[in-house]
>>> print(open('work.cif').read())   # mmCIF, C-alpha atoms and all ligand atoms
data_my_file
#
loop_
_atom_site.label_atom_id
_atom_site.label_comp_id
_atom_site.auth_asym_id
_atom_site.auth_seq_id
_atom_site.Cartn_x
_atom_site.Cartn_y
_atom_site.Cartn_z
CA MET A 1 -141.21 -3.81 -86.74
CA ILE A 2 -140.15 -0.49 -85.25
CA GLU A 3 -140.53 2.70 -87.28
CA VAL A 4 -138.71 5.79 -86.11
CA GLU A 5 -139.87 9.13 -87.50
CA ASN A 6 -137.69 12.18 -87.12
CA ILE A 7 -136.90 11.90 -83.43
CA HIS A 8 -135.10 14.62 -81.52
CA LYS A 9 -133.74 14.52 -77.99
CA SER A 10 -131.93 17.24 -76.07
CA PHE A 11 -130.55 17.54 -72.56
CA GLY A 12 -130.53 21.26 -71.82
CA ASP A 13 -128.50 22.86 -74.63
CA ASN A 14 -127.07 19.53 -75.72
CA HIS A 15 -129.05 18.51 -78.84
CA VAL A 16 -128.15 14.80 -78.87
CA LEU A 17 -130.53 13.24 -81.43
CA LYS A 18 -131.11 15.52 -84.39
CA GLY A 19 -133.98 14.11 -86.41
CA ILE A 20 -133.40 10.38 -86.85
CA SER A 21 -135.72 8.36 -89.09
CA THR A 22 -135.33 4.67 -89.82
CA THR A 23 -137.08 1.30 -89.82
CA PHE A 24 -136.09 -1.86 -87.97
CA GLU A 25 -137.71 -4.95 -89.44
CA LYS A 26 -138.75 -8.02 -87.52
CA GLY A 27 -136.74 -11.20 -87.87
CA LYS A 28 -133.69 -9.04 -88.61
CA THR A 29 -130.57 -8.23 -86.61
CA ASN A 30 -130.24 -4.44 -86.65
CA LEU A 31 -127.03 -2.83 -85.44
CA ILE A 32 -126.40 0.73 -84.30
CA ILE A 33 -122.82 1.90 -84.65
CA GLY A 34 -121.02 5.21 -84.31
CA GLN A 35 -118.29 6.96 -82.37
CA SER A 36 -118.44 7.42 -78.65
CA GLY A 37 -120.85 10.25 -77.87
CA SER A 38 -122.72 9.99 -81.20
CA GLY A 39 -125.98 9.26 -79.38
CA LYS A 40 -126.31 5.47 -79.65
CA THR A 41 -127.25 4.88 -76.01
CA VAL A 42 -129.67 7.80 -75.92
CA PHE A 43 -131.28 6.43 -79.10
CA LEU A 44 -131.52 2.90 -77.63
CA LYS A 45 -133.07 4.33 -74.45
CA CYS A 46 -135.66 6.18 -76.56
CA LEU A 47 -136.50 2.89 -78.30
CA LEU A 48 -136.84 1.21 -74.89
CA GLY A 49 -139.18 3.96 -73.70
CA LEU A 50 -136.72 5.04 -70.99
CA PHE A 51 -136.37 8.48 -72.60
CA GLU A 52 -139.27 10.22 -74.31
CA PRO A 53 -138.16 12.03 -77.49
CA ASP A 54 -138.81 15.81 -77.54
CA ASP A 55 -140.15 15.52 -81.07
CA GLY A 56 -140.98 12.78 -83.60
CA ASN A 57 -142.58 9.37 -83.22
CA ILE A 58 -141.63 5.78 -82.53
CA CYS A 59 -144.10 3.14 -83.76
CA TYR A 60 -144.04 -0.45 -82.52
CA ASN A 61 -145.89 -2.70 -84.95
CA GLY A 62 -147.96 0.32 -85.92
CA GLN A 63 -148.65 1.61 -82.40
CA ILE A 64 -147.37 5.15 -81.87
CA TYR A 65 -145.69 5.14 -78.45
CA SER A 66 -146.63 8.68 -77.43
CA GLU A 67 -150.32 7.92 -78.09
CA LEU A 68 -150.44 4.83 -75.83
CA SER A 69 -152.07 4.85 -72.41
CA ILE A 70 -149.97 4.06 -69.34
CA LYS A 71 -151.38 0.51 -69.34
CA GLU A 72 -150.60 0.03 -73.05
CA LYS A 73 -147.05 1.32 -72.49
CA ARG A 74 -146.65 -1.17 -69.62
CA ASN A 75 -147.88 -4.00 -71.87
CA LEU A 76 -145.50 -2.92 -74.62
CA ARG A 77 -142.64 -2.84 -72.11
CA GLN A 78 -143.33 -6.50 -71.36
CA GLU A 79 -142.86 -7.30 -75.03
CA MET A 80 -139.29 -5.99 -74.84
CA GLY A 81 -136.27 -8.03 -73.78
CA MET A 82 -133.00 -6.39 -72.84
CA VAL A 83 -129.44 -7.68 -72.67
CA PHE A 84 -127.44 -5.13 -70.70
CA GLN A 85 -123.76 -4.36 -71.09
CA GLY A 86 -121.93 -6.58 -68.58
CA SER A 87 -124.97 -8.91 -68.36
CA ALA A 88 -126.41 -7.25 -65.19
CA LEU A 89 -127.34 -10.51 -63.51
CA PHE A 90 -128.45 -10.62 -59.88
CA ASP A 91 -125.40 -11.94 -58.00
CA SER A 92 -127.42 -13.38 -55.14
CA MET A 93 -129.66 -15.44 -57.43
CA THR A 94 -128.81 -18.67 -59.21
CA VAL A 95 -128.86 -18.87 -63.00
CA GLU A 96 -132.36 -20.34 -62.79
CA GLY A 97 -133.50 -17.60 -60.38
CA ASN A 98 -132.22 -14.89 -62.71
CA VAL A 99 -134.08 -16.31 -65.69
CA MET A 100 -137.23 -16.98 -63.63
CA PHE A 101 -137.28 -13.39 -62.34
CA PRO A 102 -139.32 -11.75 -65.16
CA LEU A 103 -141.85 -14.60 -65.03
CA ASP A 104 -142.22 -14.14 -61.25
CA MET A 105 -142.59 -10.39 -61.69
CA PHE A 106 -144.90 -10.14 -64.67
CA THR A 107 -146.88 -13.37 -65.06
CA LYS A 108 -149.33 -15.43 -63.09
CA GLN A 109 -148.01 -18.72 -64.46
CA SER A 110 -147.87 -21.75 -62.18
CA GLN A 111 -144.52 -22.86 -60.78
CA SER A 112 -144.37 -25.82 -63.17
CA GLU A 113 -145.17 -23.63 -66.22
CA LYS A 114 -142.44 -21.20 -65.20
CA GLN A 115 -140.00 -24.05 -64.62
CA ASP A 116 -140.75 -25.51 -68.07
CA ARG A 117 -140.18 -22.15 -69.71
CA VAL A 118 -136.91 -21.56 -67.81
CA ASP A 119 -135.67 -25.04 -68.75
CA PHE A 120 -136.62 -24.41 -72.38
CA VAL A 121 -134.81 -21.07 -72.73
CA LEU A 122 -131.72 -22.26 -70.84
CA LYS A 123 -131.56 -25.23 -73.19
CA ARG A 124 -132.01 -22.89 -76.16
CA VAL A 125 -128.95 -20.87 -75.16
CA ASN A 126 -127.03 -24.12 -74.63
CA LEU A 127 -126.85 -23.96 -70.84
CA VAL A 128 -128.12 -27.25 -69.49
CA ASP A 129 -126.00 -27.86 -66.41
CA ALA A 130 -125.85 -24.41 -64.88
CA HIS A 131 -129.30 -24.02 -63.27
CA THR A 132 -128.12 -23.97 -59.67
CA ARG A 133 -124.89 -22.06 -60.14
CA PHE A 134 -124.40 -18.40 -59.21
CA PRO A 135 -123.20 -15.76 -61.72
CA ALA A 136 -119.79 -15.53 -60.00
CA GLU A 137 -119.30 -19.26 -60.58
CA ILE A 138 -119.69 -19.15 -64.39
CA SER A 139 -117.65 -17.62 -67.24
CA GLY A 140 -118.40 -14.28 -68.91
CA GLY A 141 -119.68 -16.08 -72.00
CA MET A 142 -122.03 -18.20 -69.87
CA GLN A 143 -123.23 -15.06 -68.06
CA LYS A 144 -124.12 -13.56 -71.46
CA ARG A 145 -126.10 -16.71 -72.29
CA VAL A 146 -128.00 -16.35 -69.02
CA ALA A 147 -128.67 -12.68 -69.85
CA ILE A 148 -130.00 -13.70 -73.28
CA ALA A 149 -132.15 -16.46 -71.73
CA ARG A 150 -133.60 -13.92 -69.27
CA ALA A 151 -134.22 -11.45 -72.12
CA ILE A 152 -136.20 -13.98 -74.17
CA VAL A 153 -138.01 -15.80 -71.37
CA MET A 154 -141.11 -13.59 -71.79
CA ASN A 155 -141.17 -14.32 -75.53
CA PRO A 156 -140.41 -10.73 -76.54
CA LYS A 157 -141.31 -9.11 -79.85
CA TYR A 158 -138.38 -6.72 -79.47
CA LEU A 159 -134.89 -7.50 -78.21
CA PHE A 160 -132.42 -4.75 -77.31
CA CYS A 161 -128.76 -5.49 -76.63
CA ASP A 162 -126.27 -2.94 -75.37
CA GLU A 163 -122.73 -3.97 -76.27
CA PRO A 164 -123.47 -7.71 -75.88
CA ASN A 165 -119.85 -8.62 -76.68
CA SER A 166 -118.06 -6.31 -74.30
CA GLY A 167 -115.51 -8.17 -72.21
CA LEU A 168 -115.64 -11.38 -74.27
CA ASP A 169 -112.82 -12.97 -76.21
CA PRO A 170 -113.31 -12.87 -80.03
CA LYS A 171 -114.35 -16.52 -80.34
CA THR A 172 -116.94 -16.33 -77.57
CA ALA A 173 -118.12 -12.99 -78.99
CA ILE A 174 -118.89 -14.66 -82.33
CA LEU A 175 -120.79 -17.47 -80.58
CA ILE A 176 -122.90 -14.90 -78.71
CA ASP A 177 -123.50 -12.90 -81.90
CA ASN A 178 -124.61 -16.02 -83.74
CA LEU A 179 -126.88 -17.03 -80.87
CA ILE A 180 -128.63 -13.63 -80.90
CA HIS A 181 -128.89 -13.79 -84.69
CA GLU A 182 -130.40 -17.32 -84.66
CA ILE A 183 -132.88 -16.45 -81.92
CA THR A 184 -133.92 -13.31 -83.82
CA GLN A 185 -134.75 -15.34 -86.92
CA GLU A 186 -136.24 -18.32 -85.09
CA TYR A 187 -138.71 -16.27 -83.03
CA ASP A 188 -139.18 -13.45 -85.56
CA ILE A 189 -137.98 -10.80 -83.11
CA THR A 190 -137.06 -7.20 -83.98
CA THR A 191 -133.54 -7.10 -82.58
CA ILE A 192 -131.50 -3.93 -82.12
CA ILE A 193 -127.91 -4.08 -80.96
CA ASN A 194 -125.72 -1.19 -79.89
CA THR A 195 -122.15 -2.21 -80.69
CA HIS A 196 -118.55 -1.14 -81.21
CA ASP A 197 -117.61 -4.59 -82.47
CA MET A 198 -116.72 -4.59 -86.17
CA ASN A 199 -116.81 -8.39 -86.26
CA SER A 200 -120.49 -8.18 -85.33
CA VAL A 201 -121.05 -5.62 -88.07
CA MET A 202 -119.57 -7.95 -90.67
CA GLU A 203 -121.05 -11.20 -89.31
CA ILE A 204 -124.62 -10.38 -88.36
CA GLY A 205 -125.34 -6.83 -89.58
CA GLU A 206 -128.45 -7.38 -91.66
CA LYS A 207 -129.14 -3.70 -91.16
CA ILE A 208 -126.59 -1.23 -89.87
CA LEU A 209 -127.42 2.28 -88.77
CA PHE A 210 -124.41 4.57 -88.49
CA LEU A 211 -124.91 7.59 -86.24
CA LYS A 212 -122.66 10.62 -86.34
CA ASN A 213 -123.17 13.59 -84.02
CA GLY A 214 -126.80 12.61 -83.49
CA HIS A 215 -127.59 12.30 -87.21
CA LYS A 216 -128.19 9.22 -89.30
CA GLU A 217 -125.06 9.37 -91.43
CA TRP A 218 -125.57 6.08 -93.28
CA GLU A 219 -127.64 2.89 -93.22
CA GLY A 220 -127.36 -0.36 -95.12
CA THR A 221 -126.40 -4.02 -94.87
CA ASN A 222 -123.06 -5.68 -94.04
CA LYS A 223 -122.65 -6.34 -97.77
CA GLU A 224 -123.25 -2.70 -98.65
CA ILE A 225 -120.85 -1.40 -96.01
CA PHE A 226 -117.98 -2.97 -97.98
CA LYS A 227 -118.91 -0.98 -101.04
CA THR A 228 -119.93 2.37 -99.60
CA ASP A 229 -118.00 5.48 -100.55
CA ASN A 230 -119.28 7.39 -97.54
CA GLN A 231 -116.07 8.76 -96.07
CA ALA A 232 -117.38 8.95 -92.49
CA VAL A 233 -118.39 5.25 -92.58
CA THR A 234 -115.15 4.06 -94.13
CA ASP A 235 -113.06 6.16 -91.71
CA PHE A 236 -114.97 4.65 -88.77
CA VAL A 237 -115.39 1.04 -89.86
CA TYR A 238 -112.04 0.66 -91.57
CA SER A 239 -109.98 2.49 -89.00
CA SER A 240 -107.85 -0.64 -88.52
CA GLU A 241 -105.27 -1.60 -91.15
CA LEU A 242 -106.61 -5.16 -91.18
CA PHE A 243 -110.14 -4.10 -92.10
CA LYS A 244 -108.77 -1.70 -94.74
CA LYS A 245 -106.94 -4.63 -96.37
CA VAL A 246 -110.00 -6.89 -96.19
CA ARG A 247 -112.09 -4.20 -97.87
CA GLN A 248 -109.50 -3.66 -100.58
CA MET A 249 -109.38 -7.41 -101.30
CA TYR A 250 -113.17 -7.57 -101.45
CA ILE A 251 -113.33 -4.66 -103.91
CA GLU A 252 -110.58 -6.16 -106.08
CA GLU A 253 -112.30 -9.56 -106.10
CA ARG A 254 -115.53 -7.99 -107.30
CA ASN A 255 -113.85 -6.01 -110.13
N1 LIG B 301 -129.11 11.25 -68.93
C1 LIG B 301 -128.40 12.17 -69.62
N2 LIG B 301 -128.40 13.47 -69.24
C2 LIG B 301 -127.71 14.40 -69.92
N3 LIG B 301 -126.95 14.13 -71.01
C3 LIG B 301 -126.90 12.86 -71.43
C4 LIG B 301 -127.62 11.81 -70.76
N4 LIG B 301 -127.38 10.65 -71.42
C5 LIG B 301 -126.55 10.95 -72.44
N5 LIG B 301 -126.27 12.27 -72.44
C6 LIG B 301 -125.41 12.95 -73.44
O1 LIG B 301 -125.77 12.50 -74.73
C7 LIG B 301 -124.62 12.46 -75.58
C8 LIG B 301 -124.58 11.12 -76.30
O2 LIG B 301 -124.33 10.09 -75.32
P1 LIG B 301 -124.53 8.54 -75.60
O3 LIG B 301 -124.31 7.86 -74.30
O4 LIG B 301 -125.80 8.30 -76.31
O5 LIG B 301 -123.31 8.24 -76.60
P2 LIG B 301 -122.87 6.83 -77.19
O6 LIG B 301 -122.84 6.99 -78.68
O7 LIG B 301 -123.72 5.75 -76.66
O8 LIG B 301 -121.40 6.71 -76.63
P3 LIG B 301 -120.59 5.39 -76.13
O9 LIG B 301 -120.27 4.63 -77.39
O10 LIG B 301 -119.37 5.97 -75.50
O11 LIG B 301 -121.45 4.62 -75.18
C9 LIG B 301 -123.42 12.75 -74.70
O12 LIG B 301 -123.07 14.12 -74.93
C10 LIG B 301 -123.94 12.56 -73.29
O13 LIG B 301 -123.30 13.42 -72.39
#
>>> encode(input="work.cif", output="structure tokens")
Amino acid sequence: MIEVENIHKSFGDNHVLKGISTTFEKGKTNLIIGQSGSGKTVFLKCLLGLFEPDDGNICYNGQIYSELSIKEKRNLRQEMGMVFQGSALFDSMTVEGNVMFPLDMFTKQSQSEKQDRVDFVLKRVNLVDAHTRFPAEISGGMQKRVAIARAIVMNPKYLFCDEPNSGLDPKTAILIDNLIHEITQEYDITTIINTHDMNSVMEIGEKILFLKNGHKEWEGTNKEIFKTDNQAVTDFVYSSELFKKVRQMYIEERN
């Protein structure tokens, strides 16, 4: 679980995060949404420990980040997996090499232990025949699976995903969403996803945090987002005519 208490972050005169408080529970898929420039990436970077908030606290399973020693922060960092926008795989390494990389860097496991773990996570993301291929030789959807395998290879407690669906066709995007959602539940991970994808919001948004101009404008579940009267949320989420119609049908069905 991650508890965020009133965090602020500024860059010079630009007050980007203006007192955000929320809780992200473990075993749940938590989504951060909001317009471009609302502070989603800065917020995610604060959660990753890449930016230190100017004020407020972030607690990871009860440990207040700003009170940890350098060694404790390093240990915490190893409990975090990250799926970057665009996958960010190493082009010169095979699929297996990419997934092995964190184990080589941060563990003292034997070669056979590392190999077993790599085989296990690649199987878990449904990639069994791609071990020796290079990123350029596989599809975007397969690259995302490799990125997810690499993010979970260290058995993280926290999984952060920045726009995991960008560049994918809608069908592949849903497969990737479902994979992240299943893994989150299966391994009881606290997962936080930065997204613009409204399909993800509706499909896997067990908790949705809507940021507006650096404030928490709204939070709730994918069921609640259908019913909310918050104008900023409805303007943002139902900006497309299709989603407006779906919402209308849902409301009519319930009445
Ligand atoms: N390293 C930085 N230095 C200075 N300003 C920054 C830095 N990172 C972000 N900002 C500023 O913070 C504000 C919020 O940016 P952020 O990237 O968090 O928005 P976002 O909601 O993630 O947008 P998008 O959806 O387009 O990725 C912007 O005004 C941006 O210029």
>>> residues_around(input="work.cif", residues="Glu206 of chain A", least_positions_apart="3", cutoff="8 Å", atoms="only C-alpha atoms", output="list in words")
Lys28, Thr29, Asn30, Leu31, Gly220, Thr221 and Asn222 of chain A
>>> closest_residue(input="work.cif", among="A:Leu89, A:Val246, A:Leu48, A:Met1", to="Leu76 of chain A", atoms="only C-alpha atoms")
A:Leu48
>>> closest_residue(input="work.cif", among="A:Leu122, A:Leu175, A:Ala136, A:Leu211", to="ligand LIG 301 (chain B)", atoms="only C-alpha atoms and all ligand atoms")
A:Leu211
>>> residues_near_ligand(input="work.cif", ligand="ligand LIG 301 (chain B)", cutoff="10 Å", atoms="only C-alpha atoms and all ligand atoms", output="MDAnalysis selection string")
chainID A and resid 9:17 32:45 51 162:163 194:196 211:214
>>> closest_residue(input="work.cif", among="A:Lys73, A:Gly62, A:Ala147, A:Lys114", to="Leu50 of chain A", atoms="all atoms listed in the file")
A:Lys73
>>> closest_residue(input="work.cif", among="A:Asn57, A:Asp177, A:Leu159, A:Ile183", to="Arg124 of chain A", atoms="all atoms listed in the file")
A:Ile183
>>> closest_residue(input="work.cif", among="A:Lys171, A:Lys123, A:Arg117, A:Lys26", to="Asn155 of chain A", atoms="all atoms listed in the file")
A:Arg117
>>> closest_residue(input="work.cif", among="A:Met105, A:Ile180, A:Met249, A:Ile7", to="Ile148 of chain A", atoms="only C-alpha atoms")
A:Ile180
>>> atom_distance(input="work.cif", atom1="atom CA of Val83 of chain A", atom2="atom CA of Cys161 of chain A")
4.6 Å
>>> residues_near_point(input="work.cif", point="(-137.0, 1.3, -89.7)", cutoff="9 Å", atoms="all atoms listed in the file", output="ChimeraX atom specification")
/A:1-5,21-25
>>> decode(input="work.cif", residues="segment 57-68 of chain A", atoms="N, CA and C atoms", output="mmCIF file, in the first residue's frame")
data_model
loop_
_atom_site.group_PDB
_atom_site.id
_atom_site.type_symbol
_atom_site.label_atom_id
_atom_site.label_comp_id
_atom_site.auth_asym_id
_atom_site.auth_seq_id
_atom_site.Cartn_x
_atom_site.Cartn_y
_atom_site.Cartn_z
ATOM 1 N N ASN A 57 4.191 13.805 2.677
ATOM 2 C CA ASN A 57 4.853 12.504 2.843
ATOM 3 C C ASN A 57 4.310 11.452 1.885
ATOM 4 N N ILE A 58 5.204 10.503 1.547
ATOM 5 C CA ILE A 58 4.754 9.301 0.837
ATOM 6 C C ILE A 58 5.189 8.116 1.683
ATOM 7 N N CYS A 59 4.217 7.247 2.024
ATOM 8 C CA CYS A 59 4.514 6.077 2.870
ATOM 9 C C CYS A 59 4.327 4.802 2.060
ATOM 10 N N TYR A 60 5.337 3.947 2.098
ATOM 11 C CA TYR A 60 5.300 2.668 1.391
ATOM 12 C C TYR A 60 5.160 1.585 2.447
ATOM 13 N N ASN A 61 4.028 0.922 2.458
ATOM 14 C CA ASN A 61 3.740 -0.066 3.510
ATOM 15 C C ASN A 61 4.166 0.459 4.883
ATOM 16 N N GLY A 62 3.787 1.695 5.159
ATOM 17 C CA GLY A 62 4.028 2.285 6.473
ATOM 18 C C GLY A 62 5.369 2.971 6.652
ATOM 19 N N GLN A 63 6.282 2.828 5.683
ATOM 20 C CA GLN A 63 7.594 3.486 5.818
ATOM 21 C C GLN A 63 7.550 4.862 5.151
ATOM 22 N N ILE A 64 7.825 5.896 5.908
ATOM 23 C CA ILE A 64 7.802 7.248 5.346
ATOM 24 C C ILE A 64 9.101 7.470 4.561
ATOM 25 N N TYR A 65 8.959 7.742 3.268
ATOM 26 C CA TYR A 65 10.129 7.791 2.374
ATOM 27 C C TYR A 65 11.185 8.770 2.865
ATOM 28 N N SER A 66 10.759 9.965 3.247
ATOM 29 C CA SER A 66 11.745 11.003 3.597
ATOM 30 C C SER A 66 12.509 10.648 4.875
ATOM 31 N N GLU A 67 12.012 9.683 5.643
ATOM 32 C CA GLU A 67 12.707 9.297 6.888
ATOM 33 C C GLU A 67 13.633 8.097 6.685
ATOM 34 N N LEU A 68 13.681 7.548 5.462
ATOM 35 C CA LEU A 68 14.522 6.365 5.233
ATOM 36 C C LEU A 68 15.969 6.763 5.023
#
